[in-house]
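Structure file my_file-v8.txt; described as compact mmCIF, C-alpha atoms.
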# COMPACT_ATOMS: atom_id res chain seq x y z
CA MET A 11 19.47 3.37 -16.30
CA LEU A 12 18.18 5.63 -13.57
CA LEU A 13 17.80 3.94 -10.23
CA ALA A 14 15.77 5.26 -7.30
CA ARG A 15 17.78 5.24 -4.11
CA THR A 16 15.84 4.02 -1.14
CA ARG A 17 15.90 5.44 2.35
CA PRO A 18 18.13 3.39 4.66
CA SER A 19 16.04 1.32 7.03
CA VAL A 20 17.13 0.04 10.42
CA ARG A 21 15.14 -2.95 11.62
CA CYS A 22 14.26 -3.42 15.26
CA CYS A 23 15.85 -6.87 15.32
CA LEU A 24 19.32 -5.42 14.71
CA ARG A 25 21.79 -4.62 17.46
CA PRO A 26 19.56 -5.83 20.34
CA SER A 27 22.24 -5.01 22.90
CA VAL A 28 21.55 -1.29 22.54
CA ARG A 29 17.79 -1.57 22.41
CA PRO A 30 15.37 -2.17 25.28
CA SER A 31 13.28 -5.27 25.59
CA LEU A 32 10.01 -5.37 23.68
CA HIS A 33 8.26 -6.00 26.99
CA THR A 34 9.68 -3.01 28.86
CA SER A 35 6.39 -1.15 29.04
CA LEU A 36 3.86 -3.94 28.57
CA ARG A 37 1.35 -4.42 31.29
CA PRO A 38 1.11 -7.96 32.70
CA SER A 39 -2.13 -8.57 30.83
CA ALA A 40 -0.42 -8.31 27.44
CA ARG A 41 -0.34 -11.68 25.65
CA PRO A 42 -0.61 -13.15 22.16
CA TYR A 43 -4.07 -13.32 20.71
CA SER A 44 -6.19 -16.23 21.79
CA ARG A 45 -9.89 -16.74 21.12
CA ALA A 46 -10.19 -18.04 24.68
CA HIS A 47 -9.06 -14.67 26.02
CA TYR A 48 -10.88 -12.50 23.51
CA ASP A 49 -12.15 -9.39 25.29
CA GLU A 50 -15.13 -8.23 23.25
CA GLN A 51 -16.07 -5.54 25.74
CA LEU A 52 -12.62 -3.99 25.51
CA VAL A 53 -12.70 -3.96 21.71
CA TYR A 54 -16.09 -2.25 21.68
CA LYS A 55 -14.85 0.28 24.23
CA PHE A 56 -12.03 1.35 21.92
CA ALA A 57 -14.16 1.09 18.77
CA SER A 58 -16.76 3.45 20.28
CA GLN A 59 -14.18 6.24 20.51
CA LYS A 60 -14.01 8.82 17.77
CA ILE A 61 -11.13 8.79 15.31
CA ASN A 62 -8.80 11.74 15.76
CA PRO A 63 -7.56 12.48 12.24
CA VAL A 64 -4.11 13.91 11.66
CA THR A 65 -3.41 16.25 8.76
CA VAL A 66 -0.58 15.80 6.30
CA GLY A 67 0.77 19.14 7.51
CA GLN A 68 1.02 17.73 11.04
CA LEU A 69 2.97 14.74 9.71
CA LEU A 70 5.33 17.15 7.96
CA LYS A 71 5.90 19.37 11.00
CA TYR A 72 9.07 17.42 11.82
CA ARG A 73 10.67 18.29 8.49
CA ARG A 74 13.47 20.21 10.18
CA LEU A 75 16.21 17.91 11.37
CA PRO A 76 17.61 17.03 13.82
CA LEU A 77 14.65 15.57 15.66
CA SER A 78 14.42 16.13 19.39
CA ARG A 79 13.33 13.89 22.25
CA ASP A 80 10.12 15.92 22.56
CA ASN A 81 9.40 15.46 18.83
CA ILE A 82 9.59 11.67 19.18
CA LEU A 83 7.52 11.51 22.36
CA ASP A 84 4.90 13.77 20.76
CA SER A 85 4.76 11.50 17.71
CA VAL A 86 4.48 8.29 19.72
CA ALA A 87 1.77 9.78 21.97
CA TYR A 88 -0.49 10.28 18.95
CA SER A 89 0.28 6.84 17.49
CA GLN A 90 -0.31 5.11 20.81
CA ALA A 91 -3.65 6.83 21.33
CA GLU A 92 -4.97 6.60 17.78
CA LEU A 93 -3.91 3.26 16.33
CA PRO A 94 -5.73 0.98 18.84
CA VAL A 95 -8.96 2.90 18.17
CA ARG A 96 -8.65 2.44 14.42
CA LEU A 97 -7.68 -1.21 14.77
CA ALA A 98 -10.66 -1.86 17.05
CA LYS A 99 -13.00 -0.36 14.47
CA ARG A 100 -11.59 -2.74 11.86
CA VAL A 101 -12.15 -5.71 14.20
CA ILE A 102 -15.79 -4.68 14.64
CA SER A 103 -16.23 -4.35 10.88
CA PHE A 104 -15.33 -8.04 10.56
CA HIS A 105 -17.93 -8.82 13.26
CA ASN A 106 -20.57 -7.22 11.05
CA LEU A 107 -19.91 -9.47 8.06
CA PRO A 108 -22.41 -12.27 7.37
CA PHE A 109 -21.49 -15.29 9.45
CA ILE A 110 -20.66 -17.51 6.50
CA VAL A 111 -18.33 -14.83 5.11
CA GLY A 112 -16.62 -14.16 8.43
CA THR A 113 -15.86 -17.86 8.89
CA ASN A 114 -14.07 -18.15 5.56
CA PRO A 115 -10.52 -19.20 6.54
CA HIS A 116 -8.83 -16.41 4.55
CA ILE A 117 -11.04 -13.68 5.99
CA ALA A 118 -10.90 -15.19 9.50
CA ARG A 119 -7.10 -15.13 9.37
CA VAL A 120 -7.05 -11.42 8.50
CA TYR A 121 -9.51 -10.77 11.32
CA GLU A 122 -7.15 -12.49 13.74
CA LEU A 123 -4.22 -10.39 12.52
CA TYR A 124 -6.14 -7.18 13.14
CA TYR A 125 -7.20 -8.34 16.58
CA ASP A 126 -3.66 -9.37 17.41
CA ALA A 127 -2.35 -5.93 16.37
CA PHE A 128 -4.99 -4.25 18.55
CA ASP A 129 -4.28 -6.55 21.50
CA ARG A 130 -0.54 -5.93 21.42
CA LEU A 131 -0.59 -2.17 20.86
CA HIS A 132 -3.34 -1.22 23.31
CA ALA A 133 -1.50 -3.10 26.11
CA PHE A 134 1.33 -0.56 26.36
CA ALA A 135 1.26 1.74 29.35
CA PRO A 136 1.39 5.50 28.60
CA ILE A 137 4.81 6.25 27.16
CA THR A 138 6.92 8.89 28.88
CA ASP A 139 10.52 7.96 28.04
CA LEU A 140 12.59 6.93 25.04
CA ASP A 141 13.14 3.34 26.17
CA ALA A 142 9.39 2.75 26.31
CA GLU A 143 8.99 4.60 23.01
CA TRP A 144 11.47 2.28 21.31
CA SER A 145 9.70 -0.80 22.68
CA PHE A 146 6.43 0.49 21.27
CA THR A 147 8.09 1.36 17.95
CA CYS A 148 9.48 -2.17 17.59
CA ALA A 149 6.06 -3.66 18.32
CA LEU A 150 4.42 -1.21 15.92
CA GLU A 151 6.88 -2.04 13.15
CA ARG A 152 6.33 -5.75 13.67
CA GLN A 153 2.54 -5.40 13.55
CA THR A 154 2.74 -3.17 10.48
CA GLN A 155 4.77 -5.85 8.71
CA MET A 156 2.29 -8.55 9.79
CA LEU A 157 -0.57 -6.56 8.23
CA ALA A 158 1.37 -5.68 5.08
CA ASP A 159 0.09 -8.57 2.96
CA VAL A 160 -3.50 -9.06 4.12
CA ILE A 161 -5.04 -7.98 0.80
CA PRO A 162 -4.30 -11.24 -1.08
CA ALA A 163 -6.11 -13.16 1.68
CA ILE A 164 -9.05 -10.75 1.59
CA ALA A 165 -9.16 -11.01 -2.20
CA GLN A 166 -9.18 -14.81 -2.09
CA GLY A 167 -11.76 -14.86 0.69
CA PHE A 168 -14.23 -12.61 -1.08
CA LEU A 169 -13.66 -14.44 -4.35
CA GLU A 170 -14.82 -17.61 -2.57
CA CYS A 171 -17.72 -15.87 -0.77
CA LYS A 172 -18.99 -13.39 -3.34
CA GLN A 173 -22.26 -15.28 -3.73
CA TYR A 174 -23.05 -14.63 -0.05
CA MET A 175 -22.82 -10.81 -0.20
CA PRO A 176 -24.18 -8.35 -2.74
CA ARG A 177 -21.57 -6.55 -4.81
CA GLU A 178 -22.37 -3.21 -3.15
CA GLY A 179 -21.77 -4.69 0.30
CA ARG A 180 -18.48 -6.28 -0.74
CA THR A 181 -17.27 -3.10 -2.38
CA ALA A 182 -18.16 -0.94 0.64
CA PHE A 183 -16.40 -3.30 3.07
CA ILE A 184 -13.26 -3.61 0.94
CA ASN A 185 -13.05 0.14 0.25
CA ASP A 186 -13.35 0.90 3.97
CA LEU A 187 -10.78 -1.76 4.82
CA ILE A 188 -8.24 -0.50 2.29
CA ARG A 189 -8.71 3.18 3.16
CA SER A 190 -8.35 2.35 6.82
CA ARG A 191 -5.31 0.20 6.04
CA ILE A 192 -3.65 3.06 4.19
CA GLY A 193 -4.28 5.41 7.13
CA LEU A 194 -2.96 2.88 9.64
CA ARG A 195 0.18 2.33 7.59
CA VAL A 196 0.81 6.03 6.98
CA ILE A 197 0.53 6.85 10.70
CA GLY A 198 2.44 3.77 11.84
CA GLU A 199 5.22 3.90 9.25
CA GLN A 200 5.62 7.65 9.75
CA HIS A 201 6.35 7.21 13.45
CA VAL A 202 8.63 4.20 12.87
CA ALA A 203 10.61 6.16 10.27
CA LEU A 204 10.89 9.20 12.55
CA SER A 205 12.10 7.01 15.41
CA HIS A 206 14.81 5.51 13.20
CA GLN A 207 15.83 8.95 11.95
CA PHE A 208 16.08 10.23 15.52
CA ARG A 209 18.41 7.41 16.53
CA GLU A 210 20.52 7.34 13.37
CA PRO A 211 20.28 10.81 11.77
CA HIS A 212 23.34 10.14 9.59
CA ALA A 213 21.27 7.57 7.62
CA ALA A 214 19.24 10.32 5.92
CA ALA A 215 20.98 11.57 2.77
CA ASP A 216 21.14 15.34 2.35
CA ASP A 217 20.26 15.15 -1.34
CA GLU A 218 17.18 12.97 -0.75
CA PRO A 219 15.34 14.52 2.19
CA TRP A 220 12.86 12.44 4.13
CA VAL A 221 10.26 13.43 6.71
CA GLY A 222 9.50 10.07 8.24
CA ALA A 223 8.12 7.92 5.41
CA ILE A 224 7.51 10.93 3.12
CA HIS A 225 10.10 11.72 0.45
CA THR A 226 10.00 15.47 -0.20
CA LYS A 227 11.91 15.39 -3.52
CA LEU A 228 10.69 12.26 -5.24
CA ARG A 229 11.40 12.07 -8.97
CA PRO A 230 8.58 10.19 -10.73
CA ALA A 231 10.71 9.68 -13.86
CA ARG A 232 13.43 7.96 -11.86
CA MET A 233 10.88 5.77 -10.11
CA MET A 234 9.11 4.87 -13.37
CA GLU A 235 12.47 3.97 -14.95
CA GLN A 236 13.27 1.62 -12.08
CA TYR A 237 9.89 -0.10 -12.03
CA ALA A 238 9.62 -0.34 -15.82
CA SER A 239 12.99 -2.12 -15.85
CA LEU A 240 11.79 -4.49 -13.12
CA VAL A 241 8.53 -5.32 -14.90
CA GLN A 242 10.33 -5.68 -18.24
CA ASN A 243 12.72 -8.23 -16.72
CA MET A 244 9.86 -10.19 -15.18
CA CYS A 245 7.95 -10.11 -18.46
CA GLU A 246 10.99 -11.48 -20.29
CA MET A 247 11.42 -14.20 -17.66
CA HIS A 248 7.91 -15.44 -18.29
CA TYR A 249 7.39 -14.82 -22.00
CA ALA A 250 11.03 -14.93 -23.17
CA THR A 251 10.25 -11.57 -24.77
CA ALA A 252 9.25 -8.10 -23.63
CA PRO A 253 8.56 -4.73 -25.23
CA SER A 254 10.95 -1.82 -24.85
CA TYR A 255 9.93 1.42 -23.17
CA TYR A 256 10.98 5.04 -23.12
CA LEU A 257 10.35 8.08 -20.96
CA ASP A 258 9.70 11.62 -22.14
CA GLY A 259 8.21 14.86 -20.87
CA ASP A 260 9.23 16.66 -17.67
CA VAL A 261 11.61 13.96 -16.49
CA ASP A 262 13.30 16.22 -13.91
CA GLN A 263 10.05 17.08 -12.11
CA THR A 264 9.87 16.26 -8.37
CA ILE A 265 7.03 15.92 -5.88
CA SER A 266 6.61 15.20 -2.19
CA TYR A 267 5.09 11.72 -1.88
CA ILE A 268 5.24 8.35 -0.15
CA PRO A 269 7.43 6.11 -2.35
CA SER A 270 5.71 2.87 -1.36
CA HIS A 271 2.37 4.22 -2.62
CA PHE A 272 3.95 5.27 -5.91
CA GLU A 273 5.60 1.86 -6.17
CA TYR A 274 2.35 -0.05 -5.92
CA ILE A 275 0.53 2.12 -8.48
CA ALA A 276 3.40 2.15 -10.97
CA CYS A 277 4.05 -1.61 -10.84
CA GLU A 278 0.38 -2.42 -11.31
CA LEU A 279 -0.04 -0.12 -14.31
CA LEU A 280 3.22 -1.15 -15.96
CA LYS A 281 2.53 -4.85 -15.45
CA ASN A 282 -0.79 -4.50 -17.27
CA ALA A 283 0.83 -2.57 -20.13
CA PHE A 284 3.67 -5.05 -20.65
CA ARG A 285 1.44 -8.11 -20.45
CA ALA A 286 -1.18 -6.68 -22.81
CA THR A 287 1.47 -5.69 -25.36
CA VAL A 288 3.02 -9.17 -25.48
CA ASP A 289 -0.36 -10.91 -25.61
CA PHE A 290 -1.63 -8.68 -28.42
CA THR A 291 1.53 -9.19 -30.46
CA ALA A 292 0.88 -12.95 -30.40
CA LYS A 293 -2.77 -12.53 -31.36
CA SER A 294 -2.16 -10.02 -34.16
CA ASP A 295 0.95 -11.69 -35.64
CA ARG A 296 2.81 -8.38 -35.76
CA SER A 297 6.54 -8.83 -36.16
CA SER A 298 7.66 -6.94 -33.04
CA HIS A 299 6.40 -5.28 -29.90
CA PRO A 300 5.67 -1.57 -30.12
CA PRO A 301 7.41 0.31 -27.28
CA ILE A 302 5.56 1.45 -24.18
CA GLN A 303 5.62 5.22 -23.80
CA ILE A 304 5.81 6.78 -20.32
CA THR A 305 5.25 10.53 -20.26
CA ILE A 306 5.75 12.77 -17.22
CA THR A 307 3.99 16.13 -17.07
CA LYS A 308 4.15 19.00 -14.62
CA GLY A 309 1.03 20.62 -13.20
CA ASP A 310 0.14 23.12 -10.51
CA GLY A 311 0.91 21.15 -7.34
CA TYR A 312 0.80 17.77 -9.06
CA VAL A 313 2.61 15.49 -11.47
CA GLY A 314 0.91 13.60 -14.27
CA VAL A 315 2.03 10.23 -15.64
CA ARG A 316 0.67 8.79 -18.87
CA ILE A 317 1.40 5.18 -19.80
CA ARG A 318 0.59 4.44 -23.45
CA ASP A 319 0.62 0.89 -24.77
CA GLN A 320 -0.43 -0.85 -27.96
CA GLY A 321 -1.79 -3.92 -26.24
CA GLY A 322 -5.13 -4.14 -28.02
CA GLY A 323 -7.13 -2.10 -25.54
CA ILE A 324 -10.02 -3.20 -23.35
CA SER A 325 -13.24 -4.43 -24.88
CA LYS A 326 -16.40 -2.36 -24.60
CA GLU A 327 -17.99 -5.17 -22.57
CA ASN A 328 -15.13 -5.34 -20.06
CA MET A 329 -14.45 -1.63 -19.67
CA PRO A 330 -17.14 -1.06 -16.97
CA ASN A 331 -15.58 -3.86 -14.86
CA VAL A 332 -11.91 -2.85 -14.74
CA PHE A 333 -12.24 -1.05 -11.39
CA GLU A 334 -14.47 -3.73 -9.83
CA TYR A 335 -13.04 -5.93 -7.07
CA SER A 336 -12.63 -9.64 -7.83
CA TRP A 337 -12.77 -9.03 -11.58
CA SER A 338 -9.71 -9.64 -13.72
CA SER A 339 -9.08 -10.03 -17.42
CA VAL A 340 -6.80 -12.91 -16.43
CA MET A 341 -9.85 -14.70 -15.03
CA SER A 342 -12.47 -13.61 -17.56
CA PRO A 343 -13.92 -16.22 -19.95
CA SER A 344 -12.44 -14.50 -23.00
CA ALA A 345 -9.01 -14.42 -21.43
CA ALA A 346 -9.31 -18.08 -20.51
CA ASP A 347 -10.17 -18.93 -24.12
CA ASP A 348 -7.18 -16.97 -25.41
CA ALA A 349 -4.72 -18.33 -22.87
CA SER A 350 -2.67 -20.94 -24.67
CA GLY A 351 0.89 -22.15 -24.31
CA SER A 352 3.43 -19.60 -23.18
CA MET A 353 1.11 -16.71 -23.97
CA ALA A 354 -1.17 -17.40 -21.03
CA ALA A 355 -1.34 -14.92 -18.18
CA MET A 356 1.87 -14.38 -16.26
CA SER A 357 2.71 -17.19 -13.89
CA LEU A 358 1.90 -16.98 -10.20
CA GLN A 359 5.60 -16.79 -9.39
CA THR A 360 6.09 -13.87 -11.76
CA ASN A 361 3.11 -12.02 -10.38
CA ILE A 362 4.34 -12.56 -6.83
CA ALA A 363 7.70 -11.10 -7.77
CA LEU A 364 6.00 -8.11 -9.37
CA GLN A 365 3.89 -7.38 -6.32
CA GLN A 366 6.28 -7.86 -3.41
CA GLY A 367 6.69 -4.13 -2.80
CA VAL A 368 3.29 -3.00 -1.52
CA GLY A 369 0.19 -5.07 -0.95
CA GLY A 370 1.56 -8.50 -1.76
CA PRO A 371 0.98 -10.89 -4.66
CA ILE A 372 -2.53 -9.86 -5.72
CA ALA A 373 -2.29 -10.05 -9.51
CA GLY A 374 -5.03 -12.17 -11.06
CA LEU A 375 -7.39 -11.72 -8.10
CA GLY A 376 -8.98 -8.56 -9.46
CA PHE A 377 -7.70 -6.14 -6.81
CA GLY A 378 -4.86 -4.47 -8.73
CA LEU A 379 -6.55 -1.58 -10.53
CA PRO A 380 -9.18 -0.83 -7.86
CA MET A 381 -6.43 -0.59 -5.24
CA ALA A 382 -4.24 1.50 -7.53
CA ARG A 383 -7.11 3.97 -7.95
CA LEU A 384 -7.65 4.10 -4.17
CA TYR A 385 -3.96 4.76 -3.58
CA ALA A 386 -3.93 7.48 -6.24
CA GLY A 387 -7.04 9.14 -4.84
CA TYR A 388 -5.97 9.01 -1.20
CA PHE A 389 -4.00 12.25 -1.43
CA GLY A 390 -6.29 13.90 -3.97
CA GLY A 391 -4.96 12.32 -7.16
CA SER A 392 -6.77 10.30 -9.81
CA LEU A 393 -6.42 7.32 -12.12
CA ASP A 394 -8.26 7.06 -15.45
CA ILE A 395 -8.09 4.69 -18.40
CA VAL A 396 -8.93 5.51 -22.01
CA SER A 397 -9.15 2.45 -24.24
CA MET A 398 -9.12 2.21 -28.02
CA GLU A 399 -10.27 -1.33 -28.66
CA GLY A 400 -8.08 -3.09 -31.17
CA PHE A 401 -5.18 -0.71 -30.57
CA GLY A 402 -4.26 -0.03 -26.94
CA CYS A 403 -4.76 1.99 -23.77
CA ASP A 404 -3.74 5.35 -22.38
CA VAL A 405 -3.60 5.33 -18.58
CA PHE A 406 -3.59 8.75 -16.92
CA LEU A 407 -2.22 8.97 -13.38
CA LYS A 408 -2.37 12.27 -11.48
CA LEU A 409 -0.52 12.54 -8.17
CA ARG A 410 -0.74 15.62 -5.97
CA SER A 411 2.39 16.70 -4.14
CA ILE A 412 1.86 16.02 -0.43
CA GLU A 413 3.93 19.01 0.64
CA GLY A 414 2.07 22.22 -0.07
CA SER A 415 -0.97 21.13 -2.07
CA VAL A 416 -2.63 18.62 0.29
CA GLU A 417 -1.30 19.53 3.73
CA ASP A 418 -4.87 20.00 4.97
CA LYS A 419 -5.77 16.43 3.97
CA LYS A 420 -6.91 14.46 7.02
CA ILE A 421 -5.73 10.90 7.51
Step by step, read the file and then write its structure as structure tokens.
Amino acid sequence: MLLARTRPSVRCCLRPSVRPSLHTSLRPSARPYSRAHYDEQLVYKFASQKINPVTVGQLLKYRRLPLSRDNILDSVAYSQAELPVRLAKRVISFHNLPFIVGTNPHIARVYELYYDAFDRLHAFAPITDLDAEWSFTCALERQTQMLADVIPAIAQGFLECKQYMPREGRTAFINDLIRSRIGLRVIGEQHVALSHQFREPHAAADDEPWVGAIHTKLRPARMMEQYASLVQNMCEMHYATAPSYYLDGDVDQTISYIPSHFEYIACELLKNAFRATVDFTAKSDRSSHPPIQITITKGDGYVGVRIRDQGGGISKENMPNVFEYSWSSVMSPSAADDASGSMAAMSLQTNIALQQGVGGPIAGLGFGLPMARLYAGYFGGSLDIVSMEGFGCDVFLKLRSIEGSVEDKKI
């Protein structure tokens, strides 16, 4: 089995004796979020500023190691100036929701997390030395982790409040939130990764080059092998059976991409394929599961991935809904009628295990495929589904290589 090696990660909580205090460069006014101390005027001041996009090419300008002190201070200067502005704009977007939606406990909790991230990051004084940079990096990493799993809460909140907002309004808000979230994470994680690489350059393997959070020689076949094995194991844990799979095509092809984005897309698509195959086997009384075929293709500046299953396909009635938020075949009336015994939808525990990598445990809340398409399209790729009802689905994923083909893309 091919296994994707992950970039070594050094957490800010390790070896505190050699790292400065998190409060080294905080002004006295910095404090945990409290509604009693909420500074609306300050939030609007930051939110009124224009976003200063960064291009992918600018993120890749540090591709030549070793990194220098000036490289790190240049990177942190952009992050410190840009992230509070983007976070403030997200806070204001929550203000603009209908009152009854904004007071939903799930949505209100996400709002507080965004405000807390803004409040902590904007409070740093201008950074001019590496000690202050490391303090900011630790705070940034912590806030990035706090915001990592907000989508399940948003999904649950809008599921409970969908009668209070038209579908177009919900879709626009969620699309903006997720696109903004991707940009925040790319900028934040890129600086955190660069800061770690600067301090421990030996952690970067020569045969798997990284530029911050971007892997410049990512092998989609290796990644698909790893995630297919993971999903297969989870499927077997729940159903006590799982289909086999095989890879073919240009399996040695590489691209420059962010592995965590690839992880989310791949796990979501594979999970759907495995679940549909097992469910359709039970319904059709066929003697065994047909294998899932994963094909890798090489294009001009991109890699294509096709996942072919024989899971019965998607009905003509449901096909227009598959990329709609808060819609899921697991929750649809037909799925509810068919769910019996062990062949019901995967358990909550299984879905949580499948989705721990990026975005949290969102399966069954109707956010999986819409988010996968957003992730695919963020760097100029695409995600399409062709269904043959009564047979299965072909899912076509196209990912553009970040290095070279989309370096002018603004984040």
(request) Have a look at atom CA of Lys408 of chain A and atom CA of Gly314 of chain A and let me know their distance in Å, one decimal. (result) 4.5 Å
(request) Do a neighbour search on segment 244-259 of chain A at 6 Å with only C-alpha atoms, toss out local chain neighbours closer than 3 positions, and write the hits as a PyMOL selection string. (result) chain A and resi 241+299+301-307
Just to be explicit: take each residue in the selection above, keep C-alpha atoms, and write the result as a PDB file, in the coordinates of the input.
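Output below, filename result03.pdb:
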ATOM      1  CA  VAL A 241       8.530  -5.320 -14.900  1.00  0.00           C
ATOM      2  CA  HIS A 299       6.400  -5.280 -29.900  1.00  0.00           C
ATOM      3  CA  PRO A 301       7.410   0.310 -27.280  1.00  0.00           C
ATOM      4  CA  ILE A 302       5.560   1.450 -24.180  1.00  0.00           C
ATOM      5  CA  GLN A 303       5.620   5.220 -23.800  1.00  0.00           C
ATOM      6  CA  ILE A 304       5.810   6.780 -20.320  1.00  0.00           C
ATOM      7  CA  THR A 305       5.250  10.530 -20.260  1.00  0.00           C
ATOM      8  CA  ILE A 306       5.750  12.770 -17.220  1.00  0.00           C
ATOM      9  CA  THR A 307       3.990  16.130 -17.070  1.00  0.00           C
TER      10      THR A 307
END
(request) Name the residues in contact with Thr226 of chain A at a cut-off of 9 Å, using only C-alpha atoms, excluding same-chain residues fewer than 3 positions from it; report them as a list in words. (result)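 What passes the distance filter is Glu218, Pro219, Trp220, Val221, Thr264, Ile265, Ser266, Tyr267, Ile268, Ser411, Ile412 and Glu413 of chain A.
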Output for the residues just chosen: C-alpha atoms as a PDB file, keeping the file's coordinate frame:
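Final file, selection08.pdb:
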ATOM      1  CA  GLU A 218      17.180  12.970  -0.750  1.00  0.00           C
ATOM      2  CA  PRO A 219      15.340  14.520   2.190  1.00  0.00           C
ATOM      3  CA  TRP A 220      12.860  12.440   4.130  1.00  0.00           C
ATOM      4  CA  VAL A 221      10.260  13.430   6.710  1.00  0.00           C
ATOM      5  CA  THR A 264       9.870  16.260  -8.370  1.00  0.00           C
ATOM      6  CA  ILE A 265       7.030  15.920  -5.880  1.00  0.00           C
ATOM      7  CA  SER A 266       6.610  15.200  -2.190  1.00  0.00           C
ATOM      8  CA  TYR A 267       5.090  11.720  -1.880  1.00  0.00           C
ATOM      9  CA  ILE A 268       5.240   8.350  -0.150  1.00  0.00           C
ATOM     10  CA  SER A 411       2.390  16.700  -4.140  1.00  0.00           C
ATOM     11  CA  ILE A 412       1.860  16.020  -0.430  1.00  0.00           C
ATOM     12  CA  GLU A 413       3.930  19.010   0.640  1.00  0.00           C
TER      13      GLU A 413
END
(request) Please identify all polymer residues within 12 Å of Pro176 of chain A, counting all atoms listed in the file, omitting same-chain residues fewer than 6 positions from it, and present them as a list in words. (result) Leu107, Pro108, Val111, Phe168, Ala182 and Phe183 of chain A
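The space between atom CA of Met381 of chain A and atom CA of Arg189 of chain A spans 9.5 Å.
Among the candidates A:Ser397, A:Ile164, A:Glu210, A:Pro136, the residue lying nearest to Pro330 of chain A is A:Ser397 (atoms considered: only C-alpha atoms).
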(request) Using all atoms listed in the file, pick whichever of A:Ser58, A:Gln207, A:Gln166, A:Ser103 has the shortest atom-to-atom distance to Tyr72 of chain A. (result)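 With all atoms listed in the file as the atom set, the closest residue is A:Gln207.
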(message) One decimal, in Å: what's the spacing between atom CA of Ser78 of chain A and atom CA of Ala203 of chain A?
(response)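 Straight-line distance from atom CA of Ser78 of chain A to atom CA of Ala203 of chain A works out to 14.0 Å.
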(request) Counting all atoms listed in the file, select every polymer residue within 10 Å of (-5.8, -6.7, 13.1) as defined in the file's coordinates, and provide the selection as a list of chain:residue names. (result)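 The requested residues, written out, are A:Pro94, A:Arg96, A:Leu97, A:Ala98, A:Lys99, A:Arg100, A:Val101, A:Phe104, A:Arg119, A:Val120, A:Tyr121, A:Glu122, A:Leu123, A:Tyr124, A:Tyr125, A:Asp126, A:Ala127, A:Phe128, A:Asp129, A:Arg130, A:Gln153, A:Thr154, A:Met156, A:Leu157, A:Val160, A:Arg191.
Residue nearest Arg229 of chain A within the list A:Val313, A:Val405, A:Ala163, A:Ala286: A:Val313 [criterion: smallest interatomic distance, only C-alpha atoms].
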(message) Counting only C-alpha atoms, which residue out of A:Val416, A:Leu204, A:Ile110, A:Val196 sits closest to Gln173 of chain A?
(response)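 With only C-alpha atoms as the atom set, the closest residue is A:Ile110.
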(message) Considering only C-alpha atoms, can you say which of A:Gly400, A:Pro76, A:Gly179, A:Gly378 comes closest to Ala276 of chain A?
(response) A:Gly378
(request) Would you please work out which residue, of A:His201, A:Lys308, A:His116, A:Lys420, is nearest to Asp262 of chain A when using only C-alpha atoms? (result)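 Comparing A:His201, A:Lys308, A:His116, A:Lys420 against Asp262 of chain A, the winner is A:Lys308.
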